[in-house]
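K.L.:
Sharing my_file.cif (mmCIF, C-alpha atoms (C1' of nucleotides)) below.
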```cif
data_start
#
loop_
_atom_site.label_atom_id
_atom_site.label_comp_id
_atom_site.auth_asym_id
_atom_site.auth_seq_id
_atom_site.Cartn_x
_atom_site.Cartn_y
_atom_site.Cartn_z
CA MET Q 55 -16.56 -96.86 -46.57
CA ASN Q 56 -13.74 -99.36 -46.55
CA ALA Q 57 -13.55 -102.13 -44.00
CA ILE Q 58 -10.22 -100.62 -43.03
CA SER Q 59 -10.76 -96.90 -42.79
CA THR Q 60 -8.49 -94.41 -44.49
CA TYR Q 61 -7.67 -92.99 -41.09
CA THR Q 62 -6.37 -96.33 -39.86
CA THR Q 63 -4.50 -97.00 -43.06
CA ILE Q 64 -2.73 -93.68 -42.74
CA LEU Q 65 -1.64 -94.49 -39.20
CA GLU Q 66 -0.39 -97.95 -40.09
CA THR Q 67 1.46 -96.75 -43.16
CA SER Q 68 2.99 -93.83 -41.29
CA TYR Q 69 4.15 -96.15 -38.53
CA ARG Q 70 6.01 -98.29 -41.01
CA LEU Q 71 7.50 -95.39 -42.96
CA PHE Q 72 8.56 -93.60 -39.79
CA ALA Q 73 10.30 -96.75 -38.60
CA GLU Q 74 12.04 -97.29 -41.93
CA HIS Q 75 13.08 -93.72 -42.72
CA GLY Q 76 12.69 -91.73 -39.53
CA PHE Q 77 10.28 -88.91 -38.75
CA ASP Q 78 12.24 -86.24 -40.56
CA LYS Q 79 13.04 -88.19 -43.69
CA THR Q 80 9.44 -89.32 -44.06
CA SER Q 81 7.50 -86.57 -45.83
CA MET Q 82 3.79 -86.08 -46.08
CA THR Q 83 4.25 -86.61 -49.80
CA MET Q 84 5.68 -90.08 -49.15
CA ILE Q 85 2.88 -91.01 -46.79
CA ALA Q 86 0.23 -89.81 -49.21
CA LYS Q 87 1.78 -91.70 -52.10
CA GLU Q 88 2.17 -94.89 -50.08
CA VAL Q 89 -1.42 -94.75 -48.85
CA GLY Q 90 -2.63 -93.92 -52.35
CA LEU Q 91 -3.98 -90.48 -51.59
CA SER Q 92 -3.20 -86.95 -52.62
CA LYS Q 93 -1.59 -84.68 -50.08
CA PRO Q 94 -4.69 -82.57 -49.44
CA ALA Q 95 -6.68 -85.74 -48.77
CA LEU Q 96 -4.05 -86.70 -46.24
CA TYR Q 97 -4.32 -83.28 -44.60
CA TYR Q 98 -8.06 -83.76 -44.42
CA HIS Q 99 -7.48 -86.62 -41.95
CA PHE Q 100 -4.54 -85.17 -40.05
CA SER Q 101 -4.01 -81.45 -39.77
CA SER Q 102 -0.23 -81.82 -39.73
CA LYS Q 103 2.60 -84.30 -39.70
CA GLU Q 104 3.04 -83.63 -36.00
CA ALA Q 105 -0.58 -84.72 -35.48
CA ILE Q 106 0.19 -88.13 -36.98
CA ILE Q 107 3.27 -88.47 -34.81
CA GLN Q 108 1.32 -87.56 -31.69
CA THR Q 109 -1.54 -89.91 -32.46
CA LEU Q 110 0.86 -92.80 -33.02
CA PHE Q 111 2.56 -91.96 -29.74
CA GLU Q 112 -0.68 -92.15 -27.81
CA GLU Q 113 -1.52 -95.51 -29.36
CA LEU Q 114 1.95 -96.78 -28.54
CA CYS Q 115 1.82 -95.73 -24.91
CA LYS Q 116 -1.41 -97.58 -24.29
CA SER Q 117 0.17 -100.97 -24.81
CA ILE Q 118 3.56 -100.85 -23.16
CA GLY Q 119 2.97 -100.29 -19.46
CA PHE Q 120 4.19 -102.57 -16.69
CA SER Q 121 0.71 -103.78 -15.85
CA SER Q 122 0.18 -104.98 -19.42
CA PHE Q 123 2.65 -107.75 -18.71
CA PHE Q 124 2.96 -108.35 -14.97
CA ARG Q 125 -0.09 -109.30 -12.89
CA ILE Q 126 0.92 -109.12 -9.26
CA GLU Q 127 -2.13 -110.98 -7.97
CA ALA Q 128 -1.02 -114.17 -9.74
CA TYR Q 129 2.23 -114.42 -7.78
CA THR Q 130 2.38 -116.99 -4.97
CA LYS Q 131 5.21 -118.33 -2.88
CA ASP Q 132 5.42 -121.45 -5.03
CA ASN Q 133 5.27 -119.93 -8.50
CA PHE Q 134 7.06 -116.65 -7.80
CA GLU Q 135 10.25 -117.09 -9.77
CA GLU Q 136 8.73 -118.93 -12.72
CA THR Q 137 5.88 -116.44 -13.06
CA PHE Q 138 8.32 -113.55 -12.87
CA ILE Q 139 10.33 -115.08 -15.68
CA ALA Q 140 7.29 -115.96 -17.79
CA ASP Q 141 5.78 -112.49 -17.56
CA GLY Q 142 9.05 -110.88 -18.62
CA LEU Q 143 9.34 -113.21 -21.58
CA GLN Q 144 6.02 -111.86 -22.82
CA ILE Q 145 7.70 -108.51 -23.41
CA ILE Q 146 10.48 -110.09 -25.41
CA HIS Q 147 8.01 -112.01 -27.53
CA LYS Q 148 5.89 -108.96 -28.12
CA GLN Q 149 8.88 -107.01 -29.39
CA GLN Q 150 9.93 -109.85 -31.62
CA THR Q 151 6.55 -109.63 -33.37
CA ASP Q 152 6.97 -105.95 -34.17
CA MET Q 153 10.35 -105.18 -35.69
CA TYR Q 154 9.47 -101.50 -35.91
CA TYR Q 155 8.60 -101.00 -32.29
CA SER Q 156 12.01 -100.15 -30.89
CA ARG Q 157 12.99 -98.00 -33.85
CA ILE Q 158 9.90 -95.90 -33.31
CA LEU Q 159 10.52 -95.71 -29.59
CA ASN Q 160 14.08 -94.57 -30.20
CA GLN Q 161 12.73 -91.67 -32.21
CA TYR Q 162 10.19 -90.62 -29.62
CA GLN Q 163 13.02 -90.63 -27.13
CA ALA Q 164 14.93 -88.26 -29.40
CA LEU Q 165 11.84 -86.09 -29.73
CA GLY Q 166 11.62 -86.03 -25.96
CA TYR Q 167 14.91 -84.18 -25.77
CA ARG Q 168 13.19 -81.18 -27.31
CA ASP Q 169 9.56 -81.71 -26.35
CA PRO Q 170 8.96 -82.61 -22.70
CA ALA Q 171 5.51 -83.95 -23.55
CA TYR Q 172 7.20 -87.01 -25.00
CA SER Q 173 9.94 -87.46 -22.45
CA LEU Q 174 7.59 -87.05 -19.50
CA LYS Q 175 5.40 -89.86 -20.74
CA LEU Q 176 8.33 -92.13 -21.55
CA VAL Q 177 9.93 -91.51 -18.18
CA GLN Q 178 6.58 -92.26 -16.61
CA ILE Q 179 6.51 -95.64 -18.35
CA LEU Q 180 10.06 -96.47 -17.23
CA GLU Q 181 9.28 -95.43 -13.68
CA GLY Q 182 6.14 -97.52 -13.88
CA PHE Q 183 8.32 -100.53 -14.55
CA THR Q 184 10.65 -99.73 -11.69
CA ALA Q 185 7.75 -99.13 -9.31
CA GLY Q 186 6.03 -102.28 -10.55
CA PHE Q 187 9.11 -104.42 -10.08
CA ALA Q 188 9.65 -102.93 -6.63
CA GLU Q 189 6.08 -103.71 -5.67
CA LEU Q 190 6.41 -107.21 -7.05
CA LEU Q 191 9.63 -107.83 -5.17
CA ALA Q 192 8.13 -106.43 -1.99
CA HIS Q 193 5.19 -108.76 -2.52
CA GLY Q 194 7.65 -111.60 -2.92
CA VAL Q 195 9.25 -110.68 0.38
CA SER Q 196 5.91 -110.47 2.18
CA ILE Q 197 4.81 -113.90 1.03
CA GLY Q 198 8.19 -115.35 1.93
CA ALA Q 199 9.27 -116.11 -1.61
CA ILE Q 200 12.46 -114.04 -1.63
CA ALA Q 201 14.86 -112.18 0.65
CA ALA Q 202 14.41 -108.48 1.40
CA LEU Q 203 17.63 -107.01 0.08
CA ASP Q 204 18.15 -103.95 -2.11
CA VAL Q 205 14.60 -104.15 -3.44
CA LEU Q 206 14.62 -100.74 -5.13
CA THR Q 207 18.02 -101.19 -6.72
CA LYS Q 208 17.06 -104.60 -8.03
CA ALA Q 209 13.86 -103.16 -9.46
CA GLN Q 210 15.89 -100.52 -11.28
CA MET Q 211 18.22 -103.15 -12.66
CA LEU Q 212 15.34 -105.22 -13.98
CA THR Q 213 13.93 -102.15 -15.69
CA MET Q 214 17.31 -101.55 -17.26
CA ILE Q 215 17.57 -105.09 -18.54
CA ILE Q 216 14.13 -104.79 -20.17
CA ASP Q 217 14.99 -101.40 -21.60
CA SER Q 218 18.29 -102.56 -22.97
CA MET Q 219 17.03 -105.83 -24.43
CA ASP Q 220 14.67 -103.76 -26.51
CA ASN Q 221 17.60 -101.67 -27.62
CA PHE Q 222 19.75 -104.66 -28.49
CA MET Q 223 16.96 -106.26 -30.46
CA SER Q 224 16.58 -103.12 -32.52
CA TYR Q 225 20.23 -103.44 -33.52
CA GLY Q 226 19.46 -106.90 -34.79
CA LEU Q 227 21.68 -108.53 -32.19
CA THR Q 228 20.65 -112.15 -31.84
CA TYR Q 229 21.39 -112.77 -28.23
CA SER Q 230 19.53 -115.36 -26.23
CA TYR Q 231 17.22 -112.88 -24.59
CA GLU Q 232 15.16 -115.57 -22.89
CA ASN Q 233 18.29 -116.84 -21.23
CA ILE Q 234 19.42 -113.36 -20.22
CA TRP Q 235 16.10 -112.53 -18.64
CA THR Q 236 15.93 -115.85 -16.86
CA THR Q 237 19.44 -115.46 -15.50
CA ALA Q 238 18.76 -111.87 -14.50
CA VAL Q 239 15.69 -112.82 -12.50
CA LYS Q 240 17.40 -115.76 -10.86
CA SER Q 241 20.51 -113.73 -10.01
CA LEU Q 242 18.55 -110.89 -8.53
CA ILE Q 243 15.74 -112.51 -6.62
CA LYS Q 244 17.56 -115.52 -5.29
CA GLY Q 245 18.50 -115.78 -1.65
CA ASP Q 246 16.69 -117.30 1.30
CA PRO Q 247 13.65 -115.49 2.63
CA ALA Q 248 14.38 -113.48 5.76
CA MET V 288 45.45 -68.64 -37.13
CA ASN V 289 43.45 -68.97 -33.99
CA ALA V 290 44.63 -71.02 -31.07
CA ILE V 291 41.43 -73.00 -31.55
CA SER V 292 41.11 -73.65 -35.26
CA THR V 293 37.96 -72.94 -37.19
CA TYR V 294 37.78 -76.63 -38.01
CA THR V 295 37.69 -77.60 -34.35
CA THR V 296 35.24 -74.86 -33.49
CA ILE V 297 32.87 -76.11 -36.17
CA LEU V 298 33.01 -79.63 -34.78
CA GLU V 299 32.43 -78.55 -31.21
CA THR V 300 29.60 -76.22 -32.13
CA SER V 301 27.97 -78.83 -34.34
CA TYR V 302 28.19 -81.41 -31.58
CA ARG V 303 26.30 -79.13 -29.23
CA LEU V 304 23.70 -78.05 -31.77
CA PHE V 305 23.12 -81.63 -32.94
CA ALA V 306 22.56 -82.69 -29.34
CA GLU V 307 20.18 -79.83 -28.65
CA HIS V 308 18.14 -79.87 -31.84
CA GLY V 309 18.90 -83.15 -33.58
CA PHE V 310 20.69 -83.75 -36.87
CA ASP V 311 17.76 -82.88 -39.09
CA LYS V 312 16.61 -79.77 -37.27
CA THR V 313 20.14 -78.40 -37.17
CA SER V 314 20.81 -76.66 -40.46
CA MET V 315 24.09 -75.60 -41.97
CA THR V 316 22.76 -72.06 -41.63
CA MET V 317 22.45 -72.50 -37.87
CA ILE V 318 25.93 -73.95 -37.55
CA ALA V 319 27.45 -71.17 -39.66
CA LYS V 320 25.69 -68.48 -37.66
CA GLU V 321 26.64 -70.02 -34.32
CA VAL V 322 30.28 -70.38 -35.33
CA GLY V 323 30.28 -66.88 -36.75
CA LEU V 324 30.90 -67.81 -40.35
CA SER V 325 29.06 -67.55 -43.62
CA LYS V 326 27.64 -70.70 -45.12
CA PRO V 327 30.20 -70.96 -47.94
CA ALA V 328 33.02 -70.62 -45.41
CA LEU V 329 31.49 -73.52 -43.52
CA TYR V 330 31.33 -75.56 -46.73
CA TYR V 331 35.00 -74.79 -47.27
CA HIS V 332 35.83 -76.84 -44.16
CA PHE V 333 33.24 -79.58 -44.56
CA SER V 334 31.92 -80.54 -47.95
CA SER V 335 28.50 -81.42 -46.57
CA LYS V 336 26.48 -81.75 -43.41
CA GLU V 337 26.92 -85.50 -43.62
CA ALA V 338 30.68 -84.97 -43.53
CA ILE V 339 30.38 -83.19 -40.19
CA ILE V 340 28.18 -85.96 -38.83
CA GLN V 341 30.64 -88.62 -39.96
CA THR V 342 33.66 -86.84 -38.55
CA LEU V 343 31.95 -86.43 -35.18
CA PHE V 344 31.05 -90.10 -35.23
CA GLU V 345 34.64 -91.16 -35.77
CA GLU V 346 35.80 -88.94 -32.92
CA LEU V 347 33.10 -90.36 -30.68
CA CYS V 348 33.96 -93.97 -31.40
CA LYS V 349 37.58 -93.49 -30.45
CA SER V 350 36.77 -92.84 -26.82
CA ILE V 351 34.05 -95.25 -25.86
CA GLY V 352 35.44 -98.73 -26.23
CA PHE V 353 35.63 -101.32 -23.45
CA SER V 354 39.39 -101.11 -23.18
CA SER V 355 39.21 -97.37 -22.49
CA PHE V 356 37.75 -98.21 -19.10
CA PHE V 357 38.63 -101.77 -18.11
CA ARG V 358 42.28 -102.90 -17.83
CA ILE V 359 42.26 -106.64 -17.39
CA GLU V 360 45.91 -106.82 -16.33
CA ALA V 361 45.16 -104.90 -13.14
CA TYR V 362 42.72 -107.52 -11.82
CA THR V 363 43.93 -109.82 -9.05
CA LYS V 364 42.20 -112.31 -6.80
CA ASP V 365 42.15 -109.81 -3.97
CA ASN V 366 41.00 -106.69 -5.80
CA PHE V 367 38.73 -108.30 -8.38
CA GLU V 368 35.32 -107.10 -7.24
CA GLU V 369 36.38 -103.63 -6.18
CA THR V 370 38.36 -103.01 -9.37
CA PHE V 371 35.45 -104.24 -11.45
CA ILE V 372 33.17 -101.79 -9.69
CA ALA V 373 35.63 -98.91 -9.87
CA ASP V 374 36.26 -99.31 -13.60
CA GLY V 375 32.56 -99.32 -14.35
CA LEU V 376 32.04 -96.19 -12.28
CA GLN V 377 34.47 -94.42 -14.60
CA ILE V 378 31.95 -94.79 -17.40
CA ILE V 379 29.20 -93.29 -15.31
CA HIS V 380 31.38 -90.36 -14.34
CA LYS V 381 32.47 -89.78 -17.89
CA GLN V 382 28.88 -89.61 -19.06
CA GLN V 383 27.95 -87.26 -16.26
CA THR V 384 30.57 -84.81 -17.53
CA ASP V 385 29.09 -84.73 -21.03
CA MET V 386 25.34 -84.20 -20.99
CA TYR V 387 25.21 -84.36 -24.77
CA TYR V 388 26.88 -87.71 -25.17
CA SER V 389 23.87 -89.99 -24.96
CA ARG V 390 21.65 -87.71 -27.00
CA ILE V 391 24.17 -87.83 -29.79
CA LEU V 392 24.56 -91.57 -29.48
CA ASN V 393 20.80 -92.00 -29.68
CA GLN V 394 20.83 -90.21 -33.00
CA TYR V 395 23.65 -92.26 -34.44
CA GLN V 396 21.70 -95.31 -33.45
CA ALA V 397 18.73 -93.99 -35.42
CA LEU V 398 21.01 -93.26 -38.37
CA GLY V 399 22.22 -96.82 -38.15
CA TYR V 400 18.77 -98.09 -39.01
CA ARG V 401 19.25 -96.68 -42.48
CA ASP V 402 23.01 -96.64 -42.89
CA PRO V 403 24.78 -99.85 -41.85
CA ALA V 404 28.08 -98.00 -41.57
CA TYR V 405 26.83 -96.54 -38.30
CA SER V 406 25.08 -99.57 -36.89
CA LEU V 407 27.97 -101.89 -37.67
CA LYS V 408 30.36 -99.73 -35.69
CA LEU V 409 27.95 -99.31 -32.79
CA VAL V 410 27.21 -103.02 -32.64
CA GLN V 411 30.95 -103.60 -32.69
CA ILE V 412 31.34 -101.38 -29.63
CA LEU V 413 28.55 -103.17 -27.76
CA GLU V 414 29.99 -106.56 -28.65
CA GLY V 415 33.36 -105.27 -27.53
CA PHE V 416 31.87 -104.68 -24.11
CA THR V 417 30.28 -108.11 -23.98
CA ALA V 418 33.49 -109.79 -25.13
CA GLY V 419 35.50 -107.70 -22.70
CA PHE V 420 33.28 -108.55 -19.77
CA ALA V 421 33.35 -112.22 -20.72
CA GLU V 422 37.14 -112.14 -20.87
CA LEU V 423 37.30 -110.35 -17.56
CA LEU V 424 34.95 -112.82 -15.90
CA ALA V 425 36.89 -115.74 -17.35
CA HIS V 426 40.02 -114.17 -15.99
CA GLY V 427 38.31 -113.92 -12.63
CA VAL V 428 37.49 -117.60 -12.79
CA SER V 429 41.05 -118.54 -13.72
CA ILE V 430 42.59 -116.64 -10.84
CA GLY V 431 40.04 -118.10 -8.46
CA ALA V 432 38.26 -114.84 -7.73
CA ILE V 433 34.77 -115.90 -8.84
CA ALA V 434 32.69 -118.94 -9.77
CA ALA V 435 32.44 -120.15 -13.36
CA LEU V 436 28.72 -119.89 -14.03
CA ASP V 437 26.93 -118.41 -17.02
CA VAL V 438 29.90 -116.25 -17.92
CA LEU V 439 28.60 -115.17 -21.33
CA THR V 440 25.10 -114.40 -20.13
CA LYS V 441 26.46 -112.39 -17.25
CA ALA V 442 28.71 -110.48 -19.61
CA GLN V 443 25.69 -109.63 -21.74
CA MET V 444 23.76 -108.45 -18.71
CA LEU V 445 26.60 -106.18 -17.64
CA THR V 446 26.71 -104.67 -21.12
CA MET V 447 22.99 -104.07 -20.90
CA ILE V 448 23.26 -102.36 -17.56
CA ILE V 449 25.95 -100.03 -18.93
CA ASP V 450 23.93 -99.39 -22.07
CA SER V 451 20.76 -98.68 -20.18
CA MET V 452 22.32 -96.47 -17.51
CA ASP V 453 23.48 -94.24 -20.32
CA ASN V 454 19.95 -94.22 -21.63
CA PHE V 455 18.41 -93.41 -18.25
CA MET V 456 20.87 -90.62 -17.63
CA SER V 457 19.93 -89.03 -20.93
CA TYR V 458 16.32 -88.91 -19.73
CA GLY V 459 17.49 -86.96 -16.72
CA LEU V 460 16.53 -89.74 -14.34
CA THR V 461 18.46 -89.23 -11.14
CA TYR V 462 18.90 -92.79 -10.01
CA SER V 463 21.78 -93.85 -7.85
CA TYR V 464 23.79 -95.26 -10.72
CA GLU V 465 26.83 -95.97 -8.56
CA ASN V 466 24.65 -98.10 -6.35
CA ILE V 467 23.04 -99.90 -9.27
CA TRP V 468 26.38 -100.76 -10.83
CA THR V 469 27.80 -101.90 -7.52
CA THR V 470 24.81 -104.10 -6.84
CA ALA V 471 24.87 -105.46 -10.38
CA VAL V 472 28.50 -106.49 -10.13
CA LYS V 473 28.06 -108.01 -6.70
CA SER V 474 24.92 -109.88 -7.72
CA LEU V 475 26.47 -111.28 -10.86
CA ILE V 476 29.99 -112.16 -9.89
CA LYS V 477 29.38 -113.40 -6.38
CA GLY V 478 29.55 -117.05 -5.53
CA ASP V 479 32.40 -119.20 -4.30
CA PRO V 480 35.14 -120.06 -6.77
CA ALA V 481 34.82 -123.56 -8.16
"C1'" DG I 187 39.66 -68.68 -45.96
"C1'" DT I 188 35.99 -65.92 -46.14
"C1'" DC I 189 32.49 -63.19 -48.24
"C1'" DT I 190 27.72 -61.74 -51.16
"C1'" DA I 191 24.47 -63.47 -53.99
"C1'" DT I 192 21.97 -67.02 -55.87
"C1'" DA I 193 20.43 -71.54 -57.92
"C1'" DC I 194 17.69 -75.37 -57.03
"C1'" DG I 195 14.84 -78.67 -54.89
"C1'" DA I 196 11.83 -80.43 -51.32
"C1'" DG I 197 8.84 -80.05 -47.64
"C1'" DG I 198 4.63 -78.45 -45.12
"C1'" DA I 199 0.48 -76.66 -45.87
"C1'" DT I 200 -3.69 -74.37 -48.34
"C1'" DA I 201 -7.30 -72.65 -52.07
"C1'" DG I 202 -10.96 -73.93 -54.30
"C1'" DA I 203 -13.31 -77.25 -57.48
"C1'" DC I 204 -15.83 -81.71 -57.61
"C1'" DG M 173 -13.43 -87.11 -48.89
"C1'" DT M 174 -10.73 -86.43 -52.53
"C1'" DC M 175 -8.63 -83.98 -56.28
"C1'" DT M 176 -5.31 -80.38 -59.21
"C1'" DA M 177 -2.67 -76.61 -58.76
"C1'" DT M 178 -0.10 -73.60 -56.11
"C1'" DC M 179 2.28 -70.89 -52.23
"C1'" DC M 180 5.82 -70.15 -49.23
"C1'" DT M 181 9.64 -71.30 -46.65
"C1'" DC M 182 13.87 -73.24 -45.80
"C1'" DG M 183 17.33 -76.55 -46.75
"C1'" DT M 184 21.77 -77.88 -49.22
"C1'" DA M 185 25.04 -76.45 -52.06
"C1'" DT M 186 27.70 -73.50 -55.52
"C1'" DA M 187 29.61 -69.32 -58.45
"C1'" DG M 188 32.67 -66.00 -58.35
"C1'" DA M 189 34.80 -61.84 -55.99
"C1'" DC M 190 38.12 -60.45 -52.33
#
```
Go ahead and express the file in the form of structure tokens.
P.N.:
Amino acid sequence: MNAISTYTTILETSYRLFAEHGFDKTSMTMIAKEVGLSKPALYYHFSSKEAIIQTLFEELCKSIGFSSFFRIEAYTKDNFEETFIADGLQIIHKQQTDMYYSRILNQYQALGYRDPAYSLKLVQILEGFTAGFAELLAHGVSIGAIAALDVLTKAQMLTMIIDSMDNFMSYGLTYSYENIWTTAVKSLIKGDPA
Amino acid sequence: MNAISTYTTILETSYRLFAEHGFDKTSMTMIAKEVGLSKPALYYHFSSKEAIIQTLFEELCKSIGFSSFFRIEAYTKDNFEETFIADGLQIIHKQQTDMYYSRILNQYQALGYRDPAYSLKLVQILEGFTAGFAELLAHGVSIGAIAALDVLTKAQMLTMIIDSMDNFMSYGLTYSYENIWTTAVKSLIKGDPA
DNA sequence: GTCTATACGAGGATAGAC
DNA sequence: GTCTATCCTCGTATAGAC
């Protein structure tokens, strides 16, 4: 038994190859060679290529929900804006540590066009962000930190900014994402409390 | 000679099949069958599958630049906000008339990860939007329609909203995109002129 | 411009031994 | 758990006739 199991090595290697070459252009032969196994040994661990793709998807989904980044109970009237900004910056930093993340996500999105199992889950994550932002903004209103105006629309816009920053980063665009997020939050949640 | 040439029919059919099944899962056999041709006849018009993909990409790029939607010379102090909103809504409406558009774009983005020819052009289009918005906002400042604050960052945010709305629409999410765009523009360009 | 027939390679997956 | 050898299918692409 290795310290790092074959199973885990296969997943990590597949993740990288899928990001570099895409699902379709990454063959089981490539994965086996890169891991240092024969194809049948690979099939011993995963019954099909689709099984690898699904397993990776489940792992991915575990770590990218709204509540992994934003903790509503920490928001007070005094720290509201700065905490909002800081929590969002966590997402940016996480993505900057995994160059492959958005490429992989892009491919699951494409898969979702043909297999609702993927799109349903991805939509659920996006809607989780919108619902989370809406709840957070509503919380901000209730504690008197911000004005109650267009809460749902603003939540949707924040979700879009997060979604799109990910996209831009995957293109290699070197924008000042920290600055964009900070400006977005300030633009959207400013205004005197009602 | 048909009124609609074989060449055009191939492109239109390919566009639809690529959107429905993806580039890789759409074979030349499928395209030939759907068009009503044999495979060699198909290869007579396009020397390879890649050639079809490239031709479609060039056609696509022609119609999605910033200047196809925003006409800076029409912006005055009095109509600035409403024209800004109206021009952006054109993009939303255009995308709503072509369900396949964002699916196809998603795939060219994925291709771009491996072939810079695609990503360079796509990045160019995105940067065209950011530059266009920045120019438009600067114009707004110069004619006294809006305040001069964070012009570049705001231009980037607007590009992101456009980019992400496209993405959300492709998921089938039925948000009120008109409302989001309107709120985005109002949130970002409001403020008294300097 | 379009066809029938076919070459050729690669990919997913399995049989059966160790 | 891992191997060698192999099967089958399907993909791109071409040869050569009409």
K.L.:
Write out as a ChimeraX atom specification which residues come within 12 Å of DG188 (chain M) when counting all atoms listed in the file, dropping same-chain ones fewer than 6 positions away.
P.N.:
/V:327 /I:189-192
K.L.:
If we count all atoms listed in the file and set the cut-off at 10 Å, which residues sit around DT188 (chain I), ignoring sequence neighbours fewer than 4 positions away in its own chain? Please answer as a compact mmCIF listing (two decimals) with C-alpha atoms (C1' of nucleotides), in the frame of the given file.
P.N.:
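Final file, out_2.txt:
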```
# COMPACT_ATOMS: atom_id res chain seq x y z
CA LEU V 324 30.90 -67.81 -40.35
CA SER V 325 29.06 -67.55 -43.62
CA LYS V 326 27.64 -70.70 -45.12
CA PRO V 327 30.20 -70.96 -47.94
CA ALA V 328 33.02 -70.62 -45.41
CA LEU V 329 31.49 -73.52 -43.52
CA TYR V 331 35.00 -74.79 -47.27
C1' DC M 190 38.12 -60.45 -52.33
```
K.L.:
For this file, the PyMOL selection byres ((chain I) within 12 of (chain Q)) selects which residues, as an MDAnalysis selection string?
P.N.:
chainID I and resid 196:202
K.L.:
Taking all atoms listed in the file into account, report as a PDB file with C-alpha atoms, keeping the file's coordinate frame which residues of chain V lie within 8 Å of chain Q.
P.N.:
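Written file, out28.pdb:
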```pdb
ATOM      1  CA  GLU V 307      20.180 -79.830 -28.650  1.00  0.00           C
ATOM      2  CA  HIS V 308      18.140 -79.870 -31.840  1.00  0.00           C
ATOM      3  CA  GLY V 309      18.900 -83.150 -33.580  1.00  0.00           C
ATOM      4  CA  ASP V 311      17.760 -82.880 -39.090  1.00  0.00           C
ATOM      5  CA  ARG V 390      21.650 -87.710 -27.000  1.00  0.00           C
ATOM      6  CA  ASN V 393      20.800 -92.000 -29.680  1.00  0.00           C
ATOM      7  CA  GLN V 394      20.830 -90.210 -33.000  1.00  0.00           C
ATOM      8  CA  ALA V 397      18.730 -93.990 -35.420  1.00  0.00           C
ATOM      9  CA  TYR V 400      18.770 -98.090 -39.010  1.00  0.00           C
ATOM     10  CA  ARG V 401      19.250 -96.680 -42.480  1.00  0.00           C
ATOM     11  CA  SER V 406      25.080 -99.570 -36.890  1.00  0.00           C
ATOM     12  CA  VAL V 410      27.210-103.020 -32.640  1.00  0.00           C
ATOM     13  CA  THR V 440      25.100-114.400 -20.130  1.00  0.00           C
ATOM     14  CA  LYS V 441      26.460-112.390 -17.250  1.00  0.00           C
ATOM     15  CA  GLN V 443      25.690-109.630 -21.740  1.00  0.00           C
ATOM     16  CA  MET V 444      23.760-108.450 -18.710  1.00  0.00           C
ATOM     17  CA  MET V 447      22.990-104.070 -20.900  1.00  0.00           C
ATOM     18  CA  ILE V 448      23.260-102.360 -17.560  1.00  0.00           C
ATOM     19  CA  ASP V 450      23.930 -99.390 -22.070  1.00  0.00           C
ATOM     20  CA  SER V 451      20.760 -98.680 -20.180  1.00  0.00           C
ATOM     21  CA  MET V 452      22.320 -96.470 -17.510  1.00  0.00           C
ATOM     22  CA  TYR V 458      16.320 -88.910 -19.730  1.00  0.00           C
ATOM     23  CA  LEU V 460      16.530 -89.740 -14.340  1.00  0.00           C
ATOM     24  CA  ASN V 466      24.650 -98.100  -6.350  1.00  0.00           C
ATOM     25  CA  ILE V 467      23.040 -99.900  -9.270  1.00  0.00           C
ATOM     26  CA  THR V 470      24.810-104.100  -6.840  1.00  0.00           C
ATOM     27  CA  ALA V 471      24.870-105.460 -10.380  1.00  0.00           C
ATOM     28  CA  SER V 474      24.920-109.880  -7.720  1.00  0.00           C
ATOM     29  CA  LEU V 475      26.470-111.280 -10.860  1.00  0.00           C
TER      30      LEU V 475
END
```
K.L.:
Suppose you want the space between CA of Thr300 (chain V) and CA of Ile318 (chain V); what is it in Å?
P.N.:
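Atom-to-atom, CA of Thr300 (chain V) and CA of Ile318 (chain V) are spaced 6.9 Å apart.
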K.L.:
Could you check which of V:Tyr387, V:Phe367, V:Phe353, V:Phe333 is closest to chain M, using all atoms listed in the file?
P.N.:
V:Phe333
K.L.:
For DG183 (chain M), which residue among V:Met317, V:Ile291, V:Phe371, V:Tyr302 is the nearest when counting only C-alpha atoms (C1' of nucleotides)?
P.N.:
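Comparing V:Met317, V:Ile291, V:Phe371, V:Tyr302 against DG183 (chain M), the winner is V:Met317.
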K.L.:
Tell me the residues of chain M close to chain V, meaning within 12 Å using all atoms listed in the file, as a list in words.
P.N.:
DC182, DG183, DT184, DA185, DT186, DA187 and DG188 of chain M
K.L.:
What is the CA of Val195 (chain Q) to CA of Ser121 (chain Q) distance in Å?
P.N.:
19.6 Å
K.L.:
Hey, can you check how far CA of Leu423 (chain V) sits from CA of Ile359 (chain V)?
P.N.:
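Answer for the CA of Leu423 (chain V) to CA of Ile359 (chain V) separation: 6.2 Å.
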K.L.:
Looking at V:Thr293, V:Val472, V:Thr363, V:Val438, which one is nearest to Gly323 (chain V), with distances taken over only C-alpha atoms?
P.N.:
V:Thr293
K.L.:
Please write as a list in words the full residue list that the PyMOL selection byres ((chain Q and resi 66) around 12) yields on this file.
P.N.:
Ile58, Ser59, Thr60, Tyr61, Thr62, Thr63, Ile64, Leu65, Thr67, Ser68, Tyr69, Arg70, Leu71, Phe72, Ala73, Ile85, Glu88, Val89, Ile106, Ile107, Thr109, Leu110, Glu113, Leu114 and Tyr154 of chain Q
K.L.:
For the provided coordinates, the residues matched by the PyMOL selection byres ((chain M and resi 176) around 9) should be stated as a list in words.
P.N.:
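Output of the PyMOL selection byres ((chain M and resi 176) around 9): DA203 of chain I; DC175 and DA177 of chain M.
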